[in-house]
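Coordinates from target31.cif are shown below (mmCIF, C-alpha atoms).
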```cif
data_upload
#
loop_
_atom_site.group_PDB
_atom_site.id
_atom_site.type_symbol
_atom_site.label_atom_id
_atom_site.label_comp_id
_atom_site.auth_asym_id
_atom_site.auth_seq_id
_atom_site.Cartn_x
_atom_site.Cartn_y
_atom_site.Cartn_z
ATOM 1 C CA MET P 13 48.228 95.849 56.279
ATOM 2 C CA ILE P 14 50.306 99.031 56.476
ATOM 3 C CA PRO P 15 49.807 101.456 53.572
ATOM 4 C CA LEU P 16 53.013 101.820 51.557
ATOM 5 C CA GLY P 17 52.655 105.591 51.567
ATOM 6 C CA ARG P 18 52.640 105.740 55.342
ATOM 7 C CA PHE P 19 55.588 103.354 55.525
ATOM 8 C CA TYR P 20 57.567 105.480 53.054
ATOM 9 C CA LEU P 21 56.823 108.677 54.970
ATOM 10 C CA PHE P 22 57.896 107.007 58.224
ATOM 11 C CA ILE P 23 61.258 106.039 56.743
ATOM 12 C CA GLN P 24 61.924 109.513 55.395
ATOM 13 C CA ALA P 25 60.596 111.661 58.234
ATOM 14 C CA PRO P 26 62.203 112.097 61.668
ATOM 15 C CA ALA P 27 60.027 111.980 64.758
ATOM 16 C CA GLY P 28 60.927 115.492 65.860
ATOM 17 C CA ASN P 29 63.084 118.533 65.260
ATOM 18 C CA GLY P 30 66.357 117.312 66.715
ATOM 19 C CA LYS P 31 66.055 119.040 70.078
ATOM 20 C CA LYS P 32 65.601 115.780 71.997
ATOM 21 C CA VAL P 33 68.738 113.659 72.478
ATOM 22 C CA GLU P 34 68.580 110.295 74.194
ATOM 23 C CA ILE P 35 71.117 107.621 75.115
ATOM 24 C CA VAL P 36 69.489 104.230 74.769
ATOM 25 C CA GLU P 37 70.892 100.798 75.577
ATOM 26 C CA LEU P 38 70.340 97.807 73.349
ATOM 27 C CA ALA P 39 71.180 95.029 75.769
ATOM 28 C CA LYS P 40 72.608 91.732 74.555
ATOM 29 C CA GLY P 41 69.818 89.278 73.888
ATOM 30 C CA SER P 42 67.058 91.871 73.839
ATOM 31 C CA SER P 43 64.600 91.849 70.955
ATOM 32 C CA LEU P 44 64.414 94.483 68.268
ATOM 33 C CA ARG P 45 60.716 94.887 68.972
ATOM 34 C CA SER P 46 61.313 95.769 72.625
ATOM 35 C CA PHE P 47 64.095 98.174 71.652
ATOM 36 C CA ALA P 48 61.819 99.807 69.079
ATOM 37 C CA GLY P 49 59.293 100.256 71.864
ATOM 38 C CA VAL P 50 61.898 102.084 73.948
ATOM 39 C CA LEU P 51 62.725 104.350 70.990
ATOM 40 C CA GLU P 52 59.045 105.213 70.588
ATOM 41 C CA SER P 53 58.611 105.850 74.326
ATOM 42 C CA ARG P 54 61.626 108.193 74.250
ATOM 43 C CA GLY P 55 60.260 110.060 71.236
ATOM 44 C CA ILE P 56 63.070 108.997 68.895
ATOM 45 C CA VAL P 57 60.787 107.230 66.410
ATOM 46 C CA SER P 58 57.090 107.847 65.841
ATOM 47 C CA SER P 59 56.158 104.162 65.590
ATOM 48 C CA ALA P 60 57.815 101.143 67.177
ATOM 49 C CA ARG P 61 55.872 98.837 64.898
ATOM 50 C CA LEU P 62 57.008 100.555 61.722
ATOM 51 C CA PHE P 63 60.615 100.754 62.888
ATOM 52 C CA ALA P 64 60.704 97.035 63.689
ATOM 53 C CA LEU P 65 59.156 96.294 60.292
ATOM 54 C CA TYR P 66 61.662 98.539 58.540
ATOM 55 C CA ALA P 67 64.562 96.793 60.282
ATOM 56 C CA ARG P 68 63.256 93.385 59.217
ATOM 57 C CA VAL P 69 62.781 94.552 55.616
ATOM 58 C CA ARG P 70 66.423 95.606 55.547
ATOM 59 C CA GLY P 71 67.493 92.360 57.180
ATOM 60 C CA GLY P 72 68.873 94.267 60.128
ATOM 61 C CA ASP P 73 66.922 92.621 62.902
ATOM 62 C CA ALA P 74 69.603 89.921 63.199
ATOM 63 C CA ARG P 75 72.599 92.159 62.482
ATOM 64 C CA ILE P 76 72.220 95.101 64.848
ATOM 65 C CA LYS P 77 74.895 95.315 67.518
ATOM 66 C CA ALA P 78 74.285 95.604 71.235
ATOM 67 C CA GLY P 79 75.501 98.625 73.168
ATOM 68 C CA TYR P 80 74.603 102.179 74.104
ATOM 69 C CA TYR P 81 73.525 104.485 71.292
ATOM 70 C CA GLN P 82 72.953 108.216 71.185
ATOM 71 C CA PHE P 83 70.022 109.283 69.037
ATOM 72 C CA SER P 84 68.104 112.494 68.448
ATOM 73 C CA ASP P 85 64.509 112.864 67.376
ATOM 74 C CA GLY P 86 65.822 114.678 64.303
ATOM 75 C CA MET P 87 67.284 111.462 62.873
ATOM 76 C CA ARG P 88 65.404 109.536 60.201
ATOM 77 C CA PRO P 89 64.695 105.845 60.937
ATOM 78 C CA SER P 90 67.152 104.934 58.194
ATOM 79 C CA GLN P 91 69.892 106.893 59.980
ATOM 80 C CA ILE P 92 69.027 105.259 63.294
ATOM 81 C CA LEU P 93 69.191 101.786 61.804
ATOM 82 C CA ASP P 94 72.412 102.533 59.902
ATOM 83 C CA LYS P 95 74.032 103.575 63.169
ATOM 84 C CA MET P 96 73.019 100.351 64.869
ATOM 85 C CA LEU P 97 74.135 98.183 61.962
ATOM 86 C CA ALA P 98 77.520 99.887 61.969
ATOM 87 C CA GLY P 99 77.853 99.409 65.730
ATOM 88 C CA ASP P 100 78.390 103.153 66.115
ATOM 89 C CA VAL P 101 77.943 102.946 69.876
ATOM 90 C CA TYR P 102 77.970 105.898 72.224
ATOM 91 C CA GLN P 103 81.262 106.517 73.977
ATOM 92 C CA ARG P 104 81.995 108.836 76.854
ATOM 93 C CA VAL P 105 85.773 108.633 76.875
ATOM 94 C CA PHE P 106 87.680 110.024 79.822
ATOM 95 C CA ALA P 107 91.472 110.273 79.810
ATOM 96 C CA LEU P 108 93.348 110.135 83.101
ATOM 97 C CA PRO P 109 96.681 111.904 82.471
ATOM 98 C CA PRO P 110 99.833 110.542 84.135
ATOM 99 C CA GLY P 111 100.603 112.215 87.442
ATOM 100 C CA TYR P 112 97.146 113.585 88.121
ATOM 101 C CA SER P 113 95.980 113.194 91.703
ATOM 102 C CA MET P 114 92.602 111.776 92.584
ATOM 103 C CA TYR P 115 91.512 115.337 93.381
ATOM 104 C CA GLN P 116 92.349 116.463 89.861
ATOM 105 C CA VAL P 117 90.645 113.390 88.395
ATOM 106 C CA ALA P 118 87.516 114.186 90.415
ATOM 107 C CA GLU P 119 87.491 117.766 89.131
ATOM 108 C CA ILE P 120 87.774 116.652 85.491
ATOM 109 C CA LEU P 121 84.999 114.096 85.902
ATOM 110 C CA GLU P 122 82.733 116.750 87.383
ATOM 111 C CA LYS P 123 83.650 119.232 84.654
ATOM 112 C CA HIS P 124 82.597 116.696 82.018
ATOM 113 C CA ALA P 125 79.359 116.004 83.918
ATOM 114 C CA ILE P 126 80.289 112.338 84.423
ATOM 115 C CA PHE P 127 80.420 112.212 88.232
ATOM 116 C CA ARG P 128 80.161 114.695 91.060
ATOM 117 C CA LYS P 129 83.574 115.474 92.489
ATOM 118 C CA GLU P 130 82.722 114.592 96.071
ATOM 119 C CA ALA P 131 80.994 111.354 95.063
ATOM 120 C CA PHE P 132 84.090 110.211 93.157
ATOM 121 C CA LEU P 133 86.401 111.128 96.053
ATOM 122 C CA GLU P 134 84.127 109.251 98.430
ATOM 123 C CA ALA P 135 84.534 106.163 96.241
ATOM 124 C CA CYS P 136 88.317 106.670 96.258
ATOM 125 C CA ARG P 137 88.249 106.479 100.075
ATOM 126 C CA ASP P 138 85.653 103.724 100.415
ATOM 127 C CA ARG P 139 87.153 101.402 103.039
ATOM 128 C CA ALA P 140 85.154 98.381 101.914
ATOM 129 C CA LEU P 141 86.296 98.856 98.319
ATOM 130 C CA LEU P 142 89.902 99.409 99.389
ATOM 131 C CA ASP P 143 89.841 96.175 101.376
ATOM 132 C CA GLN P 144 88.403 94.285 98.412
ATOM 133 C CA LEU P 145 91.217 95.619 96.229
ATOM 134 C CA GLY P 146 93.878 94.784 98.820
ATOM 135 C CA ILE P 147 94.907 98.397 99.443
ATOM 136 C CA ALA P 148 95.845 99.179 103.033
ATOM 137 C CA ALA P 149 96.201 102.920 102.368
ATOM 138 C CA PRO P 150 93.416 105.393 103.221
ATOM 139 C CA SER P 151 92.655 106.011 99.541
ATOM 140 C CA VAL P 152 93.382 104.747 96.046
ATOM 141 C CA GLU P 153 95.822 107.581 95.370
ATOM 142 C CA GLY P 154 98.661 106.185 93.278
ATOM 143 C CA TYR P 155 96.632 103.126 92.302
ATOM 144 C CA LEU P 156 94.608 104.755 89.501
ATOM 145 C CA PHE P 157 95.927 103.719 86.108
ATOM 146 C CA PRO P 158 96.661 106.650 83.762
ATOM 147 C CA GLY P 159 94.832 105.896 80.543
ATOM 148 C CA SER P 160 91.538 106.132 78.676
ATOM 149 C CA TYR P 161 88.200 104.934 79.983
ATOM 150 C CA ASN P 162 84.786 104.676 78.351
ATOM 151 C CA ILE P 163 82.426 105.564 81.185
ATOM 152 C CA LEU P 164 79.025 104.493 79.947
ATOM 153 C CA PRO P 165 75.737 105.665 81.459
ATOM 154 C CA GLY P 166 74.746 103.713 84.537
ATOM 155 C CA ARG P 167 78.270 103.027 85.736
ATOM 156 C CA THR P 168 78.900 104.025 89.332
ATOM 157 C CA GLU P 169 81.864 105.866 90.802
ATOM 158 C CA ARG P 170 82.946 102.712 92.621
ATOM 159 C CA GLU P 171 82.815 100.624 89.455
ATOM 160 C CA VAL P 172 85.046 103.102 87.639
ATOM 161 C CA VAL P 173 87.468 103.379 90.566
ATOM 162 C CA ARG P 174 87.669 99.587 90.663
ATOM 163 C CA GLU P 175 88.480 99.442 86.933
ATOM 164 C CA MET P 176 91.180 102.104 87.292
ATOM 165 C CA VAL P 177 92.772 100.333 90.255
ATOM 166 C CA GLU P 178 92.641 96.860 88.718
ATOM 167 C CA ARG P 179 94.418 98.126 85.619
ATOM 168 C CA GLN P 180 97.142 99.717 87.761
ATOM 169 C CA LEU P 181 97.500 96.581 89.897
ATOM 170 C CA LYS P 182 98.201 94.558 86.738
ATOM 171 C CA VAL P 183 101.033 96.949 85.931
ATOM 172 C CA LEU P 184 102.376 96.887 89.487
ATOM 173 C CA LYS P 185 102.456 93.110 89.504
ATOM 174 C CA GLY P 186 105.243 93.259 86.924
ATOM 175 C CA TYR P 187 107.335 95.504 89.173
ATOM 176 C CA GLN P 188 106.718 93.876 92.547
ATOM 177 C CA ALA P 189 109.717 91.529 92.633
ATOM 178 C CA ARG P 190 112.144 94.229 91.502
ATOM 179 C CA ALA P 191 110.701 96.732 93.945
ATOM 180 C CA GLU P 192 111.095 94.347 96.856
ATOM 181 C CA LYS P 193 114.661 93.568 95.802
ATOM 182 C CA ALA P 194 115.381 97.310 95.742
ATOM 183 C CA GLY P 195 113.931 97.695 99.226
ATOM 184 C CA LEU P 196 110.932 99.629 97.961
ATOM 185 C CA PRO P 197 107.561 98.231 98.989
ATOM 186 C CA LEU P 198 104.890 99.024 96.392
ATOM 187 C CA ALA P 199 103.471 101.833 98.525
ATOM 188 C CA LYS P 200 106.873 103.558 98.629
ATOM 189 C CA LEU P 201 107.520 102.861 94.950
ATOM 190 C CA LEU P 202 104.222 104.539 94.071
ATOM 191 C CA THR P 203 104.953 107.462 96.371
ATOM 192 C CA LEU P 204 108.383 108.131 94.912
ATOM 193 C CA ALA P 205 107.175 107.590 91.348
ATOM 194 C CA SER P 206 104.272 109.996 91.896
ATOM 195 C CA MET P 207 106.732 112.711 92.933
ATOM 196 C CA VAL P 208 108.930 112.062 89.887
ATOM 197 C CA GLU P 209 105.845 112.168 87.656
ATOM 198 C CA LYS P 210 104.844 115.561 89.019
ATOM 199 C CA GLU P 211 108.350 117.027 88.702
ATOM 200 C CA ALA P 212 109.269 115.694 85.269
ATOM 201 C CA ILE P 213 107.952 117.350 82.139
ATOM 202 C CA ARG P 214 110.328 115.607 79.765
ATOM 203 C CA ALA P 215 110.153 111.831 79.952
ATOM 204 C CA GLU P 216 113.886 111.452 79.389
ATOM 205 C CA GLU P 217 114.593 113.280 82.664
ATOM 206 C CA LYS P 218 112.523 110.950 84.839
ATOM 207 C CA PRO P 219 115.397 108.551 85.668
ATOM 208 C CA THR P 220 117.693 111.430 86.648
ATOM 209 C CA ILE P 221 115.052 113.076 88.838
ATOM 210 C CA ALA P 222 114.418 109.702 90.468
ATOM 211 C CA ALA P 223 118.153 109.373 91.095
ATOM 212 C CA VAL P 224 118.270 112.798 92.770
ATOM 213 C CA PHE P 225 115.474 111.860 95.155
ATOM 214 C CA GLN P 226 117.163 108.545 95.931
ATOM 215 C CA ASN P 227 120.472 110.314 96.608
ATOM 216 C CA ARG P 228 118.799 112.734 98.988
ATOM 217 C CA LEU P 229 116.971 109.928 100.791
ATOM 218 C CA ARG P 230 120.227 108.035 101.228
ATOM 219 C CA LEU P 231 121.894 111.133 102.736
ATOM 220 C CA ARG P 232 118.815 111.853 104.910
ATOM 221 C CA MET P 233 118.279 115.183 103.185
ATOM 222 C CA ARG P 234 114.766 116.548 102.977
ATOM 223 C CA LEU P 235 113.344 116.020 99.522
ATOM 224 C CA GLN P 236 111.922 119.576 99.263
ATOM 225 C CA SER P 237 109.640 118.810 96.340
ATOM 226 C CA ASP P 238 107.187 121.533 95.363
ATOM 227 C CA PRO P 239 104.238 119.289 94.446
ATOM 228 C CA THR P 240 104.230 117.711 97.898
ATOM 229 C CA ALA P 241 103.663 121.116 99.490
ATOM 230 C CA LEU P 242 100.505 121.585 97.428
ATOM 231 C CA TYR P 243 99.050 118.086 97.585
ATOM 232 C CA GLY P 244 95.410 118.120 98.651
ATOM 233 C CA ILE P 245 95.366 121.917 98.738
ATOM 234 C CA ARG P 246 95.487 123.011 95.102
ATOM 235 C CA ALA P 247 96.776 121.816 91.759
ATOM 236 C CA PHE P 248 100.517 121.864 91.161
ATOM 237 C CA ALA P 249 101.282 124.421 88.458
ATOM 238 C CA GLY P 250 105.075 124.285 88.462
ATOM 239 C CA LYS P 251 105.622 127.099 90.951
ATOM 240 C CA VAL P 252 105.006 127.510 94.641
ATOM 241 C CA SER P 253 105.275 130.492 96.949
ATOM 242 C CA ARG P 254 107.301 130.674 100.128
ATOM 243 C CA GLN P 255 104.004 130.670 101.960
ATOM 244 C CA ASP P 256 103.220 127.320 100.305
ATOM 245 C CA ILE P 257 106.420 125.625 101.395
ATOM 246 C CA LEU P 258 106.026 126.833 104.968
ATOM 247 C CA LYS P 259 102.478 125.487 105.283
ATOM 248 C CA PRO P 260 102.509 122.433 107.549
ATOM 249 C CA THR P 261 100.868 119.419 105.937
ATOM 250 C CA PRO P 262 101.660 115.694 106.334
ATOM 251 C CA TYR P 263 102.905 115.669 102.715
ATOM 252 C CA ASN P 264 105.086 118.785 102.643
ATOM 253 C CA THR P 265 108.622 117.449 102.130
ATOM 254 C CA TYR P 266 110.058 120.873 102.856
ATOM 255 C CA LEU P 267 109.025 120.276 106.458
ATOM 256 C CA ILE P 268 108.934 116.490 106.898
ATOM 257 C CA PRO P 269 111.847 114.069 106.568
ATOM 258 C CA GLY P 270 111.804 111.266 104.022
ATOM 259 C CA LEU P 271 108.935 110.385 101.755
ATOM 260 C CA PRO P 272 105.411 111.712 102.256
ATOM 261 C CA PRO P 273 102.943 109.254 103.825
ATOM 262 C CA GLY P 274 101.584 108.213 100.425
ATOM 263 C CA PRO P 275 101.501 109.020 96.717
ATOM 264 C CA ILE P 276 100.622 112.525 95.546
ATOM 265 C CA GLY P 277 99.373 111.399 92.142
ATOM 266 C CA ASN P 278 99.063 108.429 89.860
ATOM 267 C CA PRO P 279 102.271 107.541 88.025
ATOM 268 C CA ALA P 280 102.638 105.919 84.629
ATOM 269 C CA SER P 281 104.575 102.696 84.078
ATOM 270 C CA ASP P 282 107.608 104.431 82.558
ATOM 271 C CA THR P 283 107.944 106.441 85.765
ATOM 272 C CA LEU P 284 107.859 103.283 87.873
ATOM 273 C CA GLU P 285 110.595 101.961 85.598
ATOM 274 C CA ALA P 286 112.604 105.188 86.051
ATOM 275 C CA VAL P 287 112.535 104.795 89.832
ATOM 276 C CA LEU P 288 113.682 101.171 89.684
ATOM 277 C CA ASN P 289 116.216 101.672 86.912
ATOM 278 C CA HIS P 290 117.694 105.109 87.524
ATOM 279 C CA PRO P 291 121.310 105.976 86.672
ATOM 280 C CA THR P 292 124.089 106.542 89.168
ATOM 281 C CA VAL P 293 124.589 110.322 89.239
ATOM 282 C CA PRO P 294 126.206 112.748 91.706
ATOM 283 C CA TYR P 295 123.294 115.197 91.616
ATOM 284 C CA LEU P 296 121.479 116.344 94.729
ATOM 285 C CA TYR P 297 119.571 119.319 93.308
ATOM 286 C CA PHE P 298 117.611 120.357 90.254
ATOM 287 C CA VAL P 299 115.792 123.456 89.146
ATOM 288 C CA ALA P 300 113.460 124.056 86.222
ATOM 289 C CA ARG P 301 114.969 125.921 83.298
ATOM 290 C CA GLY P 302 111.599 127.152 82.087
ATOM 291 C CA ASP P 303 111.586 125.144 78.854
ATOM 292 C CA GLY P 304 110.477 121.848 80.356
ATOM 293 C CA SER P 305 114.001 120.711 81.201
ATOM 294 C CA HIS P 306 115.955 120.934 84.462
ATOM 295 C CA GLN P 307 119.410 122.024 85.515
ATOM 296 C CA PHE P 308 120.975 119.381 87.756
ATOM 297 C CA SER P 309 123.656 120.219 90.304
ATOM 298 C CA SER P 310 125.888 118.250 92.625
ATOM 299 C CA ASP P 311 126.484 120.904 95.261
ATOM 300 C CA LEU P 312 124.604 123.773 96.832
ATOM 301 C CA THR P 313 126.805 126.499 95.371
ATOM 302 C CA ALA P 314 126.154 125.375 91.810
ATOM 303 C CA HIS P 315 122.478 124.904 92.574
ATOM 304 C CA ASN P 316 122.065 128.393 94.003
ATOM 305 C CA ALA P 317 123.724 129.812 90.899
ATOM 306 C CA ALA P 318 121.249 127.855 88.759
ATOM 307 C CA VAL P 319 118.362 129.154 90.844
ATOM 308 C CA ARG P 320 119.505 132.740 90.302
ATOM 309 C CA LYS P 321 119.850 132.093 86.584
ATOM 310 C CA PHE P 322 116.572 130.329 85.910
ATOM 311 C CA LEU P 323 114.189 131.637 88.544
ATOM 312 C CA ARG P 324 113.515 135.285 87.867
ATOM 313 C CA SER P 325 110.755 135.884 90.408
ATOM 314 C CA SER P 326 111.659 136.140 94.077
ATOM 315 C CA SER P 327 108.102 134.979 94.880
ATOM 316 C CA THR P 328 108.916 131.471 93.691
ATOM 317 C CA VAL P 329 111.412 128.926 94.900
ATOM 318 C CA SER P 330 112.947 125.890 93.322
ATOM 319 C CA ALA P 331 111.777 122.409 94.093
ATOM 320 C CA GLU P 332 115.048 121.644 95.847
ATOM 321 C CA ALA P 333 116.192 124.961 97.298
ATOM 322 C CA PRO P 334 117.252 124.591 100.948
#
```
Would it be possible to restate this file's structure as structure tokens?
Amino acid sequence: MIPLGRFYLFIQAPAGNGKKVEIVELAKGSSLRSFAGVLESRGIVSSARLFALYARVRGGDARIKAGYYQFSDGMRPSQILDKMLAGDVYQRVFALPPGYSMYQVAEILEKHAIFRKEAFLEACRDRALLDQLGIAAPSVEGYLFPGSYNILPGRTEREVVREMVERQLKVLKGYQARAEKAGLPLAKLLTLASMVEKEAIRAEEKPTIAAVFQNRLRLRMRLQSDPTALYGIRAFAGKVSRQDILKPTPYNTYLIPGLPPGPIGNPASDTLEAVLNHPTVPYLYFVARGDGSHQFSSDLTAHNAAVRKFLRSSSTVSAEAP
């Protein structure tokens, strides 16, 4: 028999002072008693027996929801149980922005203490995983779906990479027939879309930017896209130096003809659509106006005038300047 006074004090008093924070999993099918034992062993409650009894008294032993929970030893047992009854599970949400390269994704994950940068990049290049996913490229660049992910404790880098790729592959499946009809294998579609994603700030300009790149490819003009000169070296920040565009890399479209050997980021579905459904325009050049929009030009004379107007610093060049 448990004295009522002790039981009342247990309900009202936390186990500690709130300095200890633990993430605990209540697995599907596990018993409340075993979970209470884990809470006691982690120092979240002072008595597994009393917590299990309290949950039964409240009728919560059959209503608590499985999942990961974040508790502190400063929470009262009533607060702990309320959280579990409400299904207030722990979430570690990570958002992959459209256009970000796998290098940028790795840096964000490390910054948020989710994965180490190098470990995530290693998973992105894992040949066995790439083969399982049907990707012939040397990495998953371009195949990571831009969106939100709840990366729970215990998940590995490879599991998260697989989820990101599988979500992108579902999107790509809807574009495959149209891409093939347009003469753009998925690898090339992703590469071109990744460049458009990096260049475009305003979504409404994506189709026009895609059209410019297609026009230049058709005329065998070098694409001269700033983000390609920086890929794998540093993050694209909208401006590059002359030293950047003269640096020889396999991706630098100032120096190589045609498309780079692979994507330089991970495009969103509306960008894939922009590449496959771009307008017919006469433009061959564009330069940033500085407000998120671009000035498009059909000939070099007009483009050079736009460069002089919108680019004030001689240390920067436009994405399409010859």
For the file shown, what are the residues hit by the PyMOL selection byres ((chain P and resi 199) around 10), laid out as an NGL selection string?
-> :P and (147-149 or 154-155 or 191 or 196-198 or 200-205 or 273-275)
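The gap separating CA of Glu153 (chain P) from CA of Arg137 (chain P) is 9.0 Å, in Å to one decimal.
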Residues within 8 Å of region 156-169 of chain P, only C-alpha atoms, excluding chain neighbours under 3 positions, as a ChimeraX atom specification | /P:80,102-111,114,126-127,131-132,135,152-153,172-173,176-177,179-180,278-280
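When CA of Tyr295 (chain P) is paired with CA of Ala241 (chain P), their separation reads 22.0 Å.
Coordinates place CA of Arg61 (chain P) at a distance of 18.7 Å from CA of Gly86 (chain P).
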To verify the selection step, state as a PyMOL selection string which residues the PyMOL selection byres ((chain P and resi 97) around 8) yields on this input.
-> chain P and resi 72+75-77+93-96+98-100
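For the structure in this document, the set picked by the PyMOL selection byres ((chain P and resi 36) around 8) is Glu34, Ile35, Glu37, Leu38, Val50, Leu51, Tyr80, Tyr81, Gln82 and Phe83 of chain P.
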Grab the residues selected above and save them as an mmCIF file, in the coordinates of the input with C-alpha atoms.
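And here's result_24.cif as it stands now:
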```
data_model
loop_
_atom_site.group_PDB
_atom_site.id
_atom_site.type_symbol
_atom_site.label_atom_id
_atom_site.label_comp_id
_atom_site.auth_asym_id
_atom_site.auth_seq_id
_atom_site.Cartn_x
_atom_site.Cartn_y
_atom_site.Cartn_z
ATOM 1 C CA GLU P 34 68.580 110.295 74.194
ATOM 2 C CA ILE P 35 71.117 107.621 75.115
ATOM 3 C CA GLU P 37 70.892 100.798 75.577
ATOM 4 C CA LEU P 38 70.340 97.807 73.349
ATOM 5 C CA VAL P 50 61.898 102.084 73.948
ATOM 6 C CA LEU P 51 62.725 104.350 70.990
ATOM 7 C CA TYR P 80 74.603 102.179 74.104
ATOM 8 C CA TYR P 81 73.525 104.485 71.292
ATOM 9 C CA GLN P 82 72.953 108.216 71.185
ATOM 10 C CA PHE P 83 70.022 109.283 69.037
#
```
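If you measure from each of P:Glu285, P:Thr240, P:Leu141, P:Arg301 to Ile213 (chain P) using only C-alpha atoms, the closest one turns out to be P:Arg301.
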Find the residue from P:Ser46, P:Met207, P:Ser309, P:Leu231 that sits nearest to Leu296 (chain P); use all atoms listed in the file when measuring.
-> P:Ser309
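Distances from P:Gln255, P:Ser206, P:Gln24, P:Ser58 to Tyr112 (chain P) were compared using only C-alpha atoms, and the smallest one belongs to P:Ser206.
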Proximity to Leu284 (chain P) - best of P:Glu217, P:Glu192, P:Glu178, P:Glu209, only C-alpha atoms = P:Glu209
Restricting to all atoms listed in the file, whichever of P:Gly244, P:Pro262, P:Gly28, P:Pro269 is closest to Leu229 (chain P) is P:Pro269
Could you give me, as a PyMOL selection string, the residues within 12 Å of Pro260 (chain P), counting all atoms listed in the file and dropping anything in the same chain fewer than 3 positions from it?
-> chain P and resi 240-243+245+255-257+263-268
Writer output for current selection, C-alpha atoms, as a PDB file, in the frame of the given file:
```pdb
ATOM      1  CA  THR P 240     104.230 117.711  97.898  1.00  0.00           C
ATOM      2  CA  ALA P 241     103.663 121.116  99.490  1.00  0.00           C
ATOM      3  CA  LEU P 242     100.505 121.585  97.428  1.00  0.00           C
ATOM      4  CA  TYR P 243      99.050 118.086  97.585  1.00  0.00           C
ATOM      5  CA  ILE P 245      95.366 121.917  98.738  1.00  0.00           C
ATOM      6  CA  GLN P 255     104.004 130.670 101.960  1.00  0.00           C
ATOM      7  CA  ASP P 256     103.220 127.320 100.305  1.00  0.00           C
ATOM      8  CA  ILE P 257     106.420 125.625 101.395  1.00  0.00           C
ATOM      9  CA  TYR P 263     102.905 115.669 102.715  1.00  0.00           C
ATOM     10  CA  ASN P 264     105.086 118.785 102.643  1.00  0.00           C
ATOM     11  CA  THR P 265     108.622 117.449 102.130  1.00  0.00           C
ATOM     12  CA  TYR P 266     110.058 120.873 102.856  1.00  0.00           C
ATOM     13  CA  LEU P 267     109.025 120.276 106.458  1.00  0.00           C
ATOM     14  CA  ILE P 268     108.934 116.490 106.898  1.00  0.00           C
TER      15      ILE P 268
END
```
Any chance you could work out the axis-aligned box around region 135-145 of chain P, listed atoms only, 4 Å on each side, giving centre and edge lengths in Å to one decimal, as AutoDock Vina command-line options?
```
--center_x 87.9 --center_y 100.5 --center_z 99.6 --size_x 14.7 --size_y 20.4 --size_z 14.8
```
Mind listing as an NGL selection string all residues within 10 Å of (57.8, 111.5, 59.8), counting all atoms listed in the file?
-> :P and (18-28 or 57-59 or 86-89)
Let me see the file: selected residues, C-alpha atoms, as an mmCIF file, in the coordinates of the input.
```cif
data_model
loop_
_atom_site.group_PDB
_atom_site.id
_atom_site.type_symbol
_atom_site.label_atom_id
_atom_site.label_comp_id
_atom_site.auth_asym_id
_atom_site.auth_seq_id
_atom_site.Cartn_x
_atom_site.Cartn_y
_atom_site.Cartn_z
ATOM 1 C CA ARG P 18 52.640 105.740 55.342
ATOM 2 C CA PHE P 19 55.588 103.354 55.525
ATOM 3 C CA TYR P 20 57.567 105.480 53.054
ATOM 4 C CA LEU P 21 56.823 108.677 54.970
ATOM 5 C CA PHE P 22 57.896 107.007 58.224
ATOM 6 C CA ILE P 23 61.258 106.039 56.743
ATOM 7 C CA GLN P 24 61.924 109.513 55.395
ATOM 8 C CA ALA P 25 60.596 111.661 58.234
ATOM 9 C CA PRO P 26 62.203 112.097 61.668
ATOM 10 C CA ALA P 27 60.027 111.980 64.758
ATOM 11 C CA GLY P 28 60.927 115.492 65.860
ATOM 12 C CA VAL P 57 60.787 107.230 66.410
ATOM 13 C CA SER P 58 57.090 107.847 65.841
ATOM 14 C CA SER P 59 56.158 104.162 65.590
ATOM 15 C CA GLY P 86 65.822 114.678 64.303
ATOM 16 C CA MET P 87 67.284 111.462 62.873
ATOM 17 C CA ARG P 88 65.404 109.536 60.201
ATOM 18 C CA PRO P 89 64.695 105.845 60.937
#
```
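Of the listed residues (P:Glu211, P:Tyr297, P:Cys136, P:Gln226), P:Tyr297 comes nearest to Ala317 (chain P); the distances count only C-alpha atoms.
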Write out as a list in words each polymer residue whose atoms come within 7 Å of region 289-293 of chain P, counting all atoms listed in the file; drop sequence neighbours fewer than 4 positions from it.
-> Pro219, Thr220, Ala222, Ala223 and Glu285 of chain P
